[in-house]
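First the structure, in the form of structure tokens, and then the observations on it.
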Amino acid sequence: MDSSDLYRDITDFARTTPGWTQTLAELWTELGLLVFGVLFLSVWWRSRARDPRAVALAVLAPLVTALAYVGSEAVKSTVREERPCRAVAGAARSLIECPVTGDWSFPSNHSAIAGAAAIALALAARRLVLLTVPMALLMAFSRVFVGVHYPHDVAMGVLLGGSLAALLMVTLAGPTSRIIVTMRHSGITPAVWFTGPGPAHRT
């Protein structure tokens with residue numbers, strides 16, 4: 001894959017945007033992951049008053065996102081593609097510091113995490129899909145915008161992360177639900193607090 005021309009177009013465009021736009025992109029490329037973290041916590045907390053499957057999906061969401069990162073890192077270490085901010089001749093200087101040599105480019109870990117988080121959260125709380133998917137796409141685009149990834153890096157990152165998250169969520173939801181039921185009936189205070197009382201005891 002070679003998306004160098006598109007990379008040049010996007011980074012050239014980035015350099016023509018107002019300073020505040022560049023600043024927002026620089027912030028979002030990192031802080032967006034924190035927003036996903038807050039959503040993980042919120043979805044888990046609200047799930048505690050619901051059925052075991054809801055709790056299972058909420059608990060699995062951050063776990064499968066972490067596994068998607070591991071998968072992305074494994075591919076990255078195998079492919080060993082140089083960063084475009086170092087490899088593409090004639091491209092505009094990246095808005096943020098180019099990662100050191102050895103911190104490979106393909107696929108984008110940020111995009112894999114964002115794609116996995118978006119799908120996992122959407123499966124755990126379907127109403128969030130209209131928020132999480134645009135967040136993930138914006139995160140992926142921001143990695144090209146600031147100049148540290150090729151477009152094909154972020155596209156594959158989102159696809160890899162989202163696919164792994166969907167597969168793992170569907171596969172593990174049943175077994176995890178049974179564990180949640182066991183924890184709720186264990187009588188162990190931390191376990192009951194973590195899984196919540198369930199819908200029968202909301203009042």
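Going by the structure tokens order, chains are called A, B, ..., each with residues numbered from 1, while ligands are numbered from 1 in the order shown.
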
query = Within 12 Å of stretch 38-49 of chain A, counting only C-alpha atoms, which residues qualify if same-chain residues fewer than 2 places away don't, as a VMD selection string?
reply = chain A and resid 31 to 36 51 to 65 116 to 129 131 to 132 135 180 to 181 184 191 to 203

Every residue of stretch 61-199 of chain A that DSSP places in alpha helix (DSSP H), as a ChimeraX atom specification = /A:61-79,84-87,109-124,129-145,151-184,189-195

Quick one: everything within 12 Å of A:Val88, counting only C-alpha atoms, minus sequence neighbours fewer than 3 positions away in the same chain. Send it as a PDB file with N, CA and C atoms, in the first residue's frame.
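Now in selection-v2.pdb:
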```
ATOM      1  N   ASP A   2       0.448   2.233  -0.773  1.00  0.00           N
ATOM      2  CA  ASP A   2       1.166   3.502  -0.794  1.00  0.00           C
ATOM      3  C   ASP A   2       0.151   4.628  -0.868  1.00  0.00           C
ATOM      4  N   SER A   3      -0.034   5.318   0.245  1.00  0.00           N
ATOM      5  CA  SER A   3      -0.954   6.462   0.273  1.00  0.00           C
ATOM      6  C   SER A   3      -0.176   7.746   0.528  1.00  0.00           C
ATOM      7  N   SER A   4       1.059   7.796  -0.004  1.00  0.00           N
ATOM      8  CA  SER A   4       1.927   8.954   0.225  1.00  0.00           C
ATOM      9  C   SER A   4       1.332  10.241  -0.341  1.00  0.00           C
ATOM     10  N   ASP A   5       0.724  10.151  -1.538  1.00  0.00           N
ATOM     11  CA  ASP A   5       0.163  11.358  -2.153  1.00  0.00           C
ATOM     12  C   ASP A   5      -0.970  11.920  -1.309  1.00  0.00           C
ATOM     13  N   LEU A   6      -1.839  11.033  -0.821  1.00  0.00           N
ATOM     14  CA  LEU A   6      -2.935  11.496   0.029  1.00  0.00           C
ATOM     15  C   LEU A   6      -2.394  12.036   1.344  1.00  0.00           C
ATOM     16  N   TYR A   7      -1.347  11.408   1.852  1.00  0.00           N
ATOM     17  CA  TYR A   7      -0.708  11.904   3.074  1.00  0.00           C
ATOM     18  C   TYR A   7      -0.200  13.329   2.865  1.00  0.00           C
ATOM     19  N   ARG A   8       0.454  13.584   1.729  1.00  0.00           N
ATOM     20  CA  ARG A   8       0.951  14.934   1.433  1.00  0.00           C
ATOM     21  C   ARG A   8      -0.195  15.936   1.347  1.00  0.00           C
ATOM     22  N   ASP A   9      -1.279  15.527   0.692  1.00  0.00           N
ATOM     23  CA  ASP A   9      -2.428  16.428   0.553  1.00  0.00           C
ATOM     24  C   ASP A   9      -2.993  16.814   1.917  1.00  0.00           C
ATOM     25  N   THR A  11      -1.508  16.607   4.969  1.00  0.00           N
ATOM     26  CA  THR A  11      -0.575  17.385   5.805  1.00  0.00           C
ATOM     27  C   THR A  11      -0.368  18.791   5.256  1.00  0.00           C
ATOM     28  N   GLU A  81       6.855  -0.742   9.254  1.00  0.00           N
ATOM     29  CA  GLU A  81       6.788   0.349   8.280  1.00  0.00           C
ATOM     30  C   GLU A  81       7.263   1.664   8.915  1.00  0.00           C
ATOM     31  N   GLU A  82       8.129   2.377   8.225  1.00  0.00           N
ATOM     32  CA  GLU A  82       8.650   3.647   8.730  1.00  0.00           C
ATOM     33  C   GLU A  82       7.551   4.707   8.744  1.00  0.00           C
ATOM     34  N   ARG A  83       7.642   5.619   9.670  1.00  0.00           N
ATOM     35  CA  ARG A  83       6.671   6.700   9.769  1.00  0.00           C
ATOM     36  C   ARG A  83       6.749   7.627   8.550  1.00  0.00           C
ATOM     37  N   PRO A  84       5.595   8.106   8.069  1.00  0.00           N
ATOM     38  CA  PRO A  84       5.611   8.980   6.898  1.00  0.00           C
ATOM     39  C   PRO A  84       6.295  10.316   7.158  1.00  0.00           C
ATOM     40  N   CYS A  85       6.258  10.782   8.405  1.00  0.00           N
ATOM     41  CA  CYS A  85       6.906  12.057   8.728  1.00  0.00           C
ATOM     42  C   CYS A  85       8.415  11.967   8.582  1.00  0.00           C
ATOM     43  N   ALA A  91       6.904  16.186   1.968  1.00  0.00           N
ATOM     44  CA  ALA A  91       5.700  16.370   2.779  1.00  0.00           C
ATOM     45  C   ALA A  91       5.906  17.504   3.775  1.00  0.00           C
ATOM     46  N   ALA A  92       4.814  18.153   4.144  1.00  0.00           N
ATOM     47  CA  ALA A  92       4.877  19.211   5.149  1.00  0.00           C
ATOM     48  C   ALA A  92       5.346  18.622   6.478  1.00  0.00           C
ATOM     49  N   ARG A  93       6.008  19.427   7.275  1.00  0.00           N
ATOM     50  CA  ARG A  93       6.478  18.966   8.586  1.00  0.00           C
ATOM     51  C   ARG A  93       5.290  18.622   9.466  1.00  0.00           C
ATOM     52  N   SER A  94       5.400  17.524  10.193  1.00  0.00           N
ATOM     53  CA  SER A  94       4.302  17.080  11.053  1.00  0.00           C
ATOM     54  C   SER A  94       4.040  18.110  12.149  1.00  0.00           C
ATOM     55  N   GLY A 147       0.303  14.354  11.065  1.00  0.00           N
ATOM     56  CA  GLY A 147       1.469  13.967  10.284  1.00  0.00           C
ATOM     57  C   GLY A 147       2.237  12.743  10.713  1.00  0.00           C
ATOM     58  N   VAL A 148       1.668  11.915  11.590  1.00  0.00           N
ATOM     59  CA  VAL A 148       2.450  10.780  12.093  1.00  0.00           C
ATOM     60  C   VAL A 148       2.025   9.428  11.529  1.00  0.00           C
ATOM     61  N   HIS A 149       0.999   9.414  10.659  1.00  0.00           N
ATOM     62  CA  HIS A 149       0.548   8.163  10.049  1.00  0.00           C
ATOM     63  C   HIS A 149       0.106   8.375   8.608  1.00  0.00           C
ATOM     64  N   TYR A 150       0.281   7.335   7.800  1.00  0.00           N
ATOM     65  CA  TYR A 150      -0.302   7.306   6.465  1.00  0.00           C
ATOM     66  C   TYR A 150      -1.816   7.075   6.582  1.00  0.00           C
TER      67      TYR A 150
END
```

message = Could you tell me how far atom CA of A:Arg50 sits from atom CA of A:Ser177, in Å to one decimal place?
response = 11.7 Å

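The interatomic distance for the pair atom CA of A:Phe145 and atom CA of A:Val100 works out to 18.3 Å.
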
Hey, could you make a per-residue contact list for stretch 80-159 of chain A against stretch 12-29 of chain A with 8 Å as the cut-off, showing the nearest pair of atoms and its distance in Å to one decimal, counting only C-alpha atoms, sorted by chain and number, as CSV?
```
residue,atom,partner,partner_atom,distance
A:Ala91,CA,A:Asp12,CA,7.2
A:Ala92,CA,A:Asp12,CA,5.6
A:Leu95,CA,A:Gln22,CA,7.4
A:Ile96,CA,A:Glu26,CA,7.1
A:His110,CA,A:Thr29,CA,7.9
A:Met139,CA,A:Thr29,CA,5.7
A:Ser142,CA,A:Thr29,CA,5.7
A:Arg143,CA,A:Thr29,CA,6.2
A:Phe145,CA,A:Ala14,CA,5.9
A:Val146,CA,A:Glu26,CA,6.6
```

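Taking atom CA of A:Gly157 and atom CA of A:Glu30 as the two end points, the separation is 15.5 Å.
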
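When only C-alpha atoms are used to compute distances to A:Pro151, the closest of the residues A:Pro99, A:Gly90, A:Gly71, A:Pro107 turns out to be A:Pro107.
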
inquiry  = Excluding A:Leu137 and its own-chain neighbours fewer than 3 positions away, which residues fall within 8 Å of it when counting only C-alpha atoms? Please give them as number ranges by chain.
reply    = A: 111, 114-115, 133-134, 140-141, 158

Okay, now the selection with N, CA and C atoms, as a tab-separated table (two decimals), in the first residue's frame?
```tsv
chain	number	residue	atom	x	y	z
A	111	SER	N	-5.66	4.33	16.18
A	111	SER	CA	-6.86	4.04	15.38
A	111	SER	C	-7.44	2.68	15.75
A	114	ALA	N	-9.19	3.17	19.02
A	114	ALA	CA	-10.42	3.95	18.81
A	114	ALA	C	-11.48	3.10	18.12
A	115	GLY	N	-11.10	2.34	17.10
A	115	GLY	CA	-12.05	1.49	16.41
A	115	GLY	C	-12.62	0.42	17.32
A	133	VAL	N	-18.62	6.06	16.98
A	133	VAL	CA	-18.07	5.86	15.63
A	133	VAL	C	-17.49	7.15	15.06
A	134	PRO	N	-18.21	8.30	15.12
A	134	PRO	CA	-17.57	9.55	14.68
A	134	PRO	C	-16.31	9.89	15.48
A	140	ALA	N	-8.85	8.72	14.04
A	140	ALA	CA	-8.02	8.17	12.96
A	140	ALA	C	-7.55	9.28	12.03
A	141	PHE	N	-8.46	10.16	11.63
A	141	PHE	CA	-8.08	11.24	10.73
A	141	PHE	C	-7.05	12.16	11.38
A	158	VAL	N	-8.44	1.10	12.25
A	158	VAL	CA	-9.85	1.13	12.61
A	158	VAL	C	-10.52	-0.20	12.28
```
